[in-house]
Structures are given as structure tokens and as C-alpha cells.
$ cat upload.csv   # CSV, C-alpha atoms
chain,number,residue,atom,x,y,z
Y,1,VAL,CA,34.7,50.6,-115.5
Y,2,ILE,CA,31.5,51.6,-117.2
Y,3,GLU,CA,32.5,49.9,-120.5
Y,4,SER,CA,33.4,46.7,-118.7
Y,5,MET,CA,30.2,46.6,-116.6
Y,6,GLY,CA,27.8,47.9,-119.3
Y,7,HIS,CA,26.1,51.3,-119.9
Y,8,GLY,CA,22.8,50.0,-118.7
Y,9,ARG,CA,24.1,49.5,-115.2
Y,10,PHE,CA,24.7,53.2,-114.7
Y,11,GLY,CA,21.8,55.7,-114.4
Y,12,ALA,CA,23.5,58.9,-113.2
Y,13,VAL,CA,26.7,60.5,-112.2
Y,14,VAL,CA,27.1,63.0,-109.4
Y,15,SER,CA,30.0,65.4,-108.5
Y,16,ASP,CA,30.6,68.8,-107.0
Y,17,SER,CA,31.0,71.8,-109.3
Y,18,THR,CA,34.7,72.4,-109.3
Y,19,GLY,CA,36.2,72.8,-112.8
Y,20,ASN,CA,37.8,69.4,-113.1
Y,21,THR,CA,34.8,67.4,-111.8
Y,22,THR,CA,32.3,69.4,-113.9
Y,23,LEU,CA,34.3,68.8,-117.0
Y,24,ALA,CA,34.6,65.1,-116.2
Y,25,ARG,CA,30.8,64.9,-115.7
Y,26,LYS,CA,30.2,66.6,-119.0
Y,27,LEU,CA,32.6,64.4,-121.0
Y,28,LEU,CA,31.1,61.3,-119.4
Y,29,VAL,CA,27.5,62.2,-120.4
Y,30,GLU,CA,28.7,63.0,-123.9
Y,31,HIS,CA,30.2,59.6,-124.1
Y,32,VAL,CA,27.3,57.8,-122.5
Y,33,PRO,CA,24.1,59.8,-123.3
Y,34,THR,CA,21.9,57.5,-121.2
Y,35,ILE,CA,23.6,58.7,-118.0
Y,36,ILE,CA,22.0,61.7,-116.3
Y,37,ALA,CA,24.5,64.4,-114.9
Y,38,LEU,CA,23.6,65.5,-111.4
Y,39,ALA,CA,25.2,68.2,-109.4
Y,40,ASP,CA,26.2,67.5,-105.8
Y,41,LEU,CA,23.3,69.1,-104.0
Y,42,CYS,CA,24.8,68.7,-100.5
Y,43,HIS,CA,27.9,70.6,-101.7
Y,44,HIS,CA,25.6,73.5,-103.0
Y,45,ILE,CA,23.6,73.6,-99.7
Y,46,SER,CA,26.8,73.7,-97.7
Y,47,ASN,CA,28.1,76.6,-99.8
Y,48,LEU,CA,24.7,78.3,-99.3
Y,49,ILE,CA,25.0,78.0,-95.6
Y,50,LYS,CA,28.6,79.3,-95.7
Y,51,ASP,CA,27.5,82.4,-97.6
Y,52,VAL,CA,24.6,83.1,-95.2
Y,53,VAL,CA,26.7,82.7,-92.0
Y,54,LYS,CA,29.4,85.0,-93.5
Y,55,LEU,CA,27.0,87.9,-93.6
Y,56,PRO,CA,28.1,90.6,-91.1
Y,57,TYR,CA,24.5,90.6,-89.6
Y,58,PHE,CA,25.2,87.3,-87.9
Y,59,SER,CA,28.8,87.9,-86.9
Y,60,LEU,CA,28.1,88.7,-83.3
Y,61,ALA,CA,26.0,85.6,-82.7
Y,62,ILE,CA,28.6,83.4,-84.3
Y,63,LYS,CA,31.5,85.0,-82.5
Y,64,VAL,CA,29.8,84.4,-79.1
Y,65,VAL,CA,28.9,80.9,-80.0
Y,66,ARG,CA,32.4,80.1,-81.0
Y,67,GLY,CA,33.8,81.7,-77.9
Y,68,ILE,CA,31.7,79.9,-75.4
Y,69,ILE,CA,32.2,76.5,-77.0
Y,70,LYS,CA,36.0,77.1,-77.2
Y,71,TYR,CA,36.0,78.0,-73.5
Y,72,PHE,CA,34.1,75.0,-72.3
Y,73,HIS,CA,36.2,72.7,-74.4
Y,74,MET,CA,39.5,74.0,-73.0
Y,75,SER,CA,38.6,74.6,-69.3
Y,76,HIS,CA,38.4,71.6,-67.1
Y,77,ILE,CA,36.7,73.5,-64.4
Y,78,GLY,CA,34.2,74.9,-66.9
Y,79,ILE,CA,33.5,71.4,-68.3
Y,80,ALA,CA,32.8,70.0,-64.8
Y,81,ASP,CA,30.6,72.9,-63.7
Y,82,PHE,CA,28.7,72.9,-67.0
Y,83,ALA,CA,28.0,69.2,-66.7
Y,84,LYS,CA,26.8,69.7,-63.1
Y,85,ALA,CA,24.5,72.6,-64.3
Y,86,ARG,CA,23.1,70.5,-67.1
Y,87,GLN,CA,22.4,67.7,-64.7
Y,88,GLN,CA,20.6,70.0,-62.3
Y,89,LEU,CA,18.5,71.5,-65.1
Y,90,ASN,CA,17.8,68.2,-66.8
Y,91,ILE,CA,19.4,69.4,-70.1
Y,92,GLY,CA,20.6,66.2,-71.8
Y,93,HIS,CA,22.7,67.3,-74.8
Y,94,GLY,CA,25.6,69.6,-74.4
Y,95,LEU,CA,27.4,71.9,-76.8
Y,96,GLU,CA,28.3,70.9,-80.3
Y,97,SER,CA,31.5,72.0,-82.0
Y,98,ILE,CA,31.7,73.9,-85.3
Y,99,GLY,CA,33.5,72.1,-88.0
Y,100,LYS,CA,36.1,73.8,-90.3
Y,101,THR,CA,34.4,72.9,-93.6
Y,102,ARG,CA,31.0,71.5,-92.5
Y,103,PHE,CA,29.2,74.8,-92.5
Y,104,GLY,CA,25.9,73.3,-91.3
Y,105,THR,CA,27.6,72.7,-88.0
Y,106,VAL,CA,27.5,76.5,-87.4
Y,107,VAL,CA,23.7,76.2,-87.2
Y,108,HIS,CA,23.7,73.0,-85.1
Y,109,SER,CA,26.2,74.6,-82.7
Y,110,SER,CA,24.0,77.7,-82.4
Y,111,VAL,CA,21.0,75.5,-81.6
Y,112,SER,CA,23.1,73.7,-78.9
Y,113,VAL,CA,24.1,77.0,-77.3
Y,114,GLN,CA,20.5,78.3,-77.3
Y,115,ARG,CA,19.4,75.1,-75.7
Y,116,CYS,CA,22.1,75.3,-73.1
Y,117,ILE,CA,21.8,79.0,-72.2
Y,118,PRO,CA,20.1,78.2,-68.8
Y,119,ALA,CA,23.0,75.8,-68.0
Y,120,ILE,CA,25.6,78.3,-69.1
Y,121,GLN,CA,24.0,81.0,-66.8
Y,122,LYS,CA,24.0,78.5,-63.9
Y,123,THR,CA,27.6,77.6,-64.6
Y,124,ILE,CA,28.5,81.3,-64.4
Y,125,SER,CA,26.6,81.6,-61.2
Y,126,PHE,CA,28.9,79.0,-59.6
Y,127,GLY,CA,31.6,81.7,-59.7
Y,128,ARG,CA,34.4,79.8,-61.3
Y,129,VAL,CA,34.0,80.7,-64.9
Y,130,LYS,CA,36.7,83.2,-65.9
Y,131,SER,CA,35.6,83.9,-69.5
Y,132,ASP,CA,35.0,87.6,-69.0
Y,133,ASP,CA,34.8,88.2,-72.8
Y,134,PHE,CA,31.6,86.3,-73.2
Y,135,ARG,CA,29.9,86.0,-69.8
Y,136,ASP,CA,28.0,89.3,-70.3
Y,137,TYR,CA,26.2,87.8,-73.2
Y,138,TYR,CA,24.6,85.2,-71.0
Y,139,ARG,CA,23.4,87.5,-68.2
Y,140,SER,CA,19.8,86.6,-67.0
Y,141,GLU,CA,18.8,90.2,-66.4
Y,142,THR,CA,16.2,91.4,-68.9
Y,143,THR,CA,17.8,94.8,-69.0
Y,144,SER,CA,21.1,93.5,-70.4
Y,145,GLN,CA,21.5,95.0,-73.9
Y,146,LYS,CA,24.4,92.7,-74.7
Y,147,ALA,CA,22.5,89.6,-73.8
Y,148,PHE,CA,19.4,90.7,-75.7
Y,149,ASN,CA,21.3,91.5,-78.8
Y,150,PHE,CA,23.1,88.2,-78.8
Y,151,ARG,CA,20.0,86.1,-78.2
Y,152,TYR,CA,18.0,88.0,-80.8
Y,153,GLY,CA,20.7,87.5,-83.4
Y,154,LEU,CA,21.1,83.8,-82.3
Y,155,GLU,CA,17.4,83.2,-82.8
Y,156,GLN,CA,17.4,84.8,-86.3
Y,157,LEU,CA,20.5,82.8,-87.3
Y,158,ILE,CA,18.8,79.6,-86.2
Y,159,LYS,CA,15.5,80.4,-87.9
Y,160,ILE,CA,17.1,81.1,-91.3
Y,161,GLY,CA,19.8,78.5,-91.0
Y,162,SER,CA,17.8,75.5,-89.8
Y,163,PRO,CA,16.0,74.8,-93.1
Y,164,PRO,CA,19.3,74.3,-95.1
Y,165,ALA,CA,21.1,72.6,-92.2
Y,166,ASN,CA,18.3,70.1,-91.6
Y,167,THR,CA,18.0,69.5,-95.4
Y,168,LEU,CA,21.7,68.8,-95.5
Y,169,THR,CA,21.3,66.2,-92.7
Y,170,CYS,CA,18.5,64.5,-94.5
Y,171,LEU,CA,20.2,64.4,-97.9
Y,172,GLU,CA,23.3,62.9,-96.4
Y,173,ALA,CA,21.3,59.7,-95.5
Y,174,VAL,CA,22.3,56.5,-97.4
Y,175,GLU,CA,18.7,55.9,-98.7
Y,176,VAL,CA,18.3,59.3,-100.4
Y,177,MET,CA,17.3,59.2,-104.1
Y,178,ALA,CA,17.3,61.9,-106.8
Y,179,ALA,CA,13.6,62.6,-106.3
Y,180,ASP,CA,14.2,63.2,-102.6
Y,181,ALA,CA,16.9,65.7,-103.4
Y,182,TYR,CA,14.5,67.6,-105.7
Y,183,PHE,CA,11.7,67.6,-103.1
Y,184,PHE,CA,14.0,68.7,-100.2
Y,185,TRP,CA,15.6,71.5,-102.3
Y,186,HIS,CA,12.4,73.1,-103.1
Y,187,ALA,CA,11.0,72.7,-99.6
Y,188,MET,CA,14.2,74.3,-98.2
Y,189,ILE,CA,14.0,77.3,-100.5
Y,190,ALA,CA,10.3,77.8,-99.8
Y,191,LYS,CA,10.8,77.6,-96.0
Y,192,MET,CA,13.8,80.0,-96.0
Y,193,THR,CA,11.8,82.5,-98.1
Y,194,GLU,CA,8.9,82.2,-95.8
Y,195,VAL,CA,11.1,82.8,-92.7
Y,196,LEU,CA,12.9,85.7,-94.3
Y,197,LEU,CA,9.8,87.6,-95.4
Y,198,ASP,CA,7.7,86.9,-92.3
Y,199,PRO,CA,7.3,90.4,-90.7
Y,200,GLY,CA,7.3,88.8,-87.3
Y,201,ASN,CA,10.9,87.7,-87.7
Y,202,GLU,CA,12.0,91.4,-88.4
Y,203,PHE,CA,14.9,90.7,-90.7
Y,204,PRO,CA,16.2,94.1,-92.0
Y,205,VAL,CA,15.5,94.8,-95.6
Y,206,GLU,CA,19.2,94.7,-96.6
Y,207,VAL,CA,19.6,91.2,-95.0
Y,208,GLN,CA,16.5,90.0,-96.8
Y,209,GLU,CA,18.0,91.2,-100.1
Y,210,ASP,CA,21.4,89.6,-99.3
Y,211,ILE,CA,19.9,86.2,-98.5
Y,212,LEU,CA,17.5,86.3,-101.4
Y,213,GLY,CA,20.5,87.1,-103.6
Y,214,ILE,CA,22.3,84.0,-102.2
Y,215,LEU,CA,19.3,81.8,-102.9
Y,216,GLU,CA,18.9,83.1,-106.5
Y,217,HIS,CA,22.6,82.6,-107.1

$ encode --input "upload.csv" --output "C-alpha cells"
Amino acid sequence: VIESMGHGRFGAVVSDSTGNTTLARKLLVEHVPTIIALADLCHHISNLIKDVVKLPYFSLAIKVVRGIIKYFHMSHIGIADFAKARQQLNIGHGLESIGKTRFGTVVHSSVSVQRCIPAIQKTISFGRVKSDDFRDYYRSETTSQKAFNFRYGLEQLIKIGSPPANTLTCLEAVEVMAADAYFFWHAMIAKMTEVLLDPGNEFPVEVQEDILGILEH
């Protein structure tokens, strides 16, 4: 195809970093030296998010997020009561599902749960929610240790996960150019490092080291 259309019509080639695609990219650039080889930045960011959300430190928050979303997607009574609660509280957007391979959705789903906590609490107050495994994490009492631990972990997950998740959303736009990818990548790394090392966010030292290791990798 490149030979038939002319080398001058192609400026760059992009692929993920699997063995076959990396080799194909390398061979193509050797054959046509004017073509620039670019890695698939969205693929790298998605893997970065995957590595971060797999850390044991965030396991409770993600478990509870998955559990409550699954419940409301499977319970007709829960769906109806949740919609009623959101309407009463003027909360427009509902819960967002977590995709199997789109790891940025873990962060977006967490944001949706955080936004809807008042509606979830109100839904539980109606008395028809039977999800005993997760309702304790949404208690409104300030003395609830379970609820505090969940919301604290959820907030930290959102703080560290939002920069890469939002960057991924921006870079998946049709109009993005190579220069935009460079800019967003460095802005994302800078913001994640700032969030991670901010004493006010209180990330444990071992978590800081784990995430910094992921960023450096």
C-alpha cells in the first residue's frame, strides 16, 4: 500500500507494543526511513491504569464499587428506587459500568459511585435494598469505620487515577496529533507525581513507591 501510494504520503506508523506489532513497526521504518515509529500511547496509559488499580491498597474500594454497580444493574427494585432517589436529590448521571479491558472505566465508575453516594444512601433508606454485603459501606453515620475506610480509599483511588483516565479520554479524540500526545503524557506524569507526593493526600510510603515504580517502568 505504501509503495503504491508513495512514501511521501506517510509520516508515521503507530501500534501497540506486542511482539508482532513492534517487529512490524521496526521493519517498516527500516524499509521507509522517513516514517516515524510511534508507540500506542493510549495502550500504555491503559496498562498503567491497570497496574495501579491492581495494587492491594485499592482492592477494598474497587470491590465495593463493583459490588454496588452489579447490584443496581441486576435488581429491578434497586434500579427503580435508585432512579427515584437521584431524582429527589437532583443527581443527573447515574452509575457507570466497569469494562473488562478498558481499565480507565474503573476510575470513571469510581467517580460515578462517589457522586451517587447520597442517592445510594437514600435508596437504602427506602428499606427495599437487600445487598447486605455492601450497604454497611454506605452508612451515613460518621462513626461507621467501614464507610469511612471505603470513602477514604475511594477518594485516593480517584485522585491518583483521574489524571491517566482523563488523559486517555482526551487522547482517544479524533483530532489528536503527535504533539498533543507528548504534551498530555508529561502533564499526566507530573500531575500523578504531585498527587502522590502531596502530604495532604496521605498515601502510604509503600504505595508511593509502588506507583512511582509503575510510572518509571

$ residues_around --input "upload.csv" --residues "Asn149 in chain Y" --least-positions-apart "2" --cutoff "12 Å" --atoms "all atoms listed in the file" --output "ChimeraX atom specification"
/Y:57-61,64,136-139,142-147,151-156

$ closest_residue --input "upload.csv" --among "Y:Lys84, Y:Arg66, Y:His186, Y:Lys100" --to "Phe126 in chain Y" --atoms "all atoms listed in the file"
Y:Lys84

$ closest_atom_pairs --input "upload.csv" --of "range 26-135 of chain Y" --to "range 205-209 of chain Y" --cutoff "12 Å" --atoms "all atoms listed in the file" --output "tab-separated table"
residue	atom	partner	partner_atom	distance
Y:Val52	CA	Y:Val207	CA	9.5
Y:Val53	CA	Y:Val207	CA	11.5
Y:Lys54	CA	Y:Val207	CA	11.7
Y:Leu55	CA	Y:Val207	CA	8.2
Y:Pro56	CA	Y:Val207	CA	9.4
Y:Tyr57	CA	Y:Val207	CA	7.3
Y:Phe58	CA	Y:Val207	CA	9.8

$ residues_around --input "upload.csv" --residues "Asp81 in chain Y" --least-positions-apart "4" --cutoff "7 Å" --atoms "only C-alpha atoms" --output "MDAnalysis selection string"
chainID Y and resid 77 85 123

$ atom_distance --input "upload.csv" --atom1 "CA of Leu89 in chain Y" --atom2 "CA of Ala119 in chain Y"
6.9 Å

$ closest_atom_pairs --input "upload.csv" --of "range 101-195 of chain Y" --to "range 23-44 of chain Y" --cutoff "10 Å" --atoms "all atoms listed in the file" --output "CSV"
residue,atom,partner,partner_atom,distance
Y:Arg102,CA,Y:His43,CA,9.7
Y:Pro164,CA,Y:Cys42,CA,9.5
Y:Ala165,CA,Y:Cys42,CA,9.9
Y:Thr167,CA,Y:Cys42,CA,8.5
Y:Leu168,CA,Y:Cys42,CA,5.9
Y:Thr169,CA,Y:Cys42,CA,8.9
Y:Cys170,CA,Y:Cys42,CA,9.7
Y:Leu171,CA,Y:Cys42,CA,6.8
Y:Glu172,CA,Y:Cys42,CA,7.3
Y:Ala178,CA,Y:Leu38,CA,8.6
Y:Ala181,CA,Y:Leu41,CA,7.3
Y:Tyr182,CA,Y:Leu41,CA,9.1
Y:Trp185,CA,Y:Leu41,CA,8.2

$ atom_distance --input "upload.csv" --atom1 "CA of Gly67 in chain Y" --atom2 "CA of Phe134 in chain Y"
6.9 Å

$ atom_distance --input "upload.csv" --atom1 "CA of Val195 in chain Y" --atom2 "CA of Ile211 in chain Y"
11.1 Å

$ closest_residue --input "upload.csv" --among "Y:Lys130, Y:Lys63, Y:His93, Y:Lys159" --to "Ser75 in chain Y" --atoms "only C-alpha atoms"
Y:Lys130

$ residues_around --input "upload.csv" --residues "Arg135 in chain Y" --least-positions-apart "4" --cutoff "9 Å" --atoms "all atoms listed in the file" --output "MDAnalysis selection string"
chainID Y and resid 68 120:121 124 129:131 139

$ write_last_selection --input "upload.csv" --atoms "C-alpha atoms" --output "PDB file, in the coordinates of the input"
ATOM      1  CA  ILE Y  68      31.700  79.900 -75.400  1.00  0.00           C
ATOM      2  CA  ILE Y 120      25.600  78.300 -69.100  1.00  0.00           C
ATOM      3  CA  GLN Y 121      24.000  81.000 -66.800  1.00  0.00           C
ATOM      4  CA  ILE Y 124      28.500  81.300 -64.400  1.00  0.00           C
ATOM      5  CA  VAL Y 129      34.000  80.700 -64.900  1.00  0.00           C
ATOM      6  CA  LYS Y 130      36.700  83.200 -65.900  1.00  0.00           C
ATOM      7  CA  SER Y 131      35.600  83.900 -69.500  1.00  0.00           C
ATOM      8  CA  ARG Y 139      23.400  87.500 -68.200  1.00  0.00           C
TER       9      ARG Y 139
END

$ closest_residue --input "upload.csv" --among "Y:Leu95, Y:Met192, Y:Val113, Y:Met177" --to "Ile79 in chain Y" --atoms "all atoms listed in the file"
Y:Leu95

$ closest_residue --input "upload.csv" --among "Y:Leu196, Y:Val106, Y:Met74, Y:Leu157" --to "Ser46 in chain Y" --atoms "only C-alpha atoms"
Y:Val106

$ closest_residue --input "upload.csv" --among "Y:Gly200, Y:Asp16, Y:Phe183, Y:Leu212" --to "Asn47 in chain Y" --atoms "only C-alpha atoms"
Y:Asp16
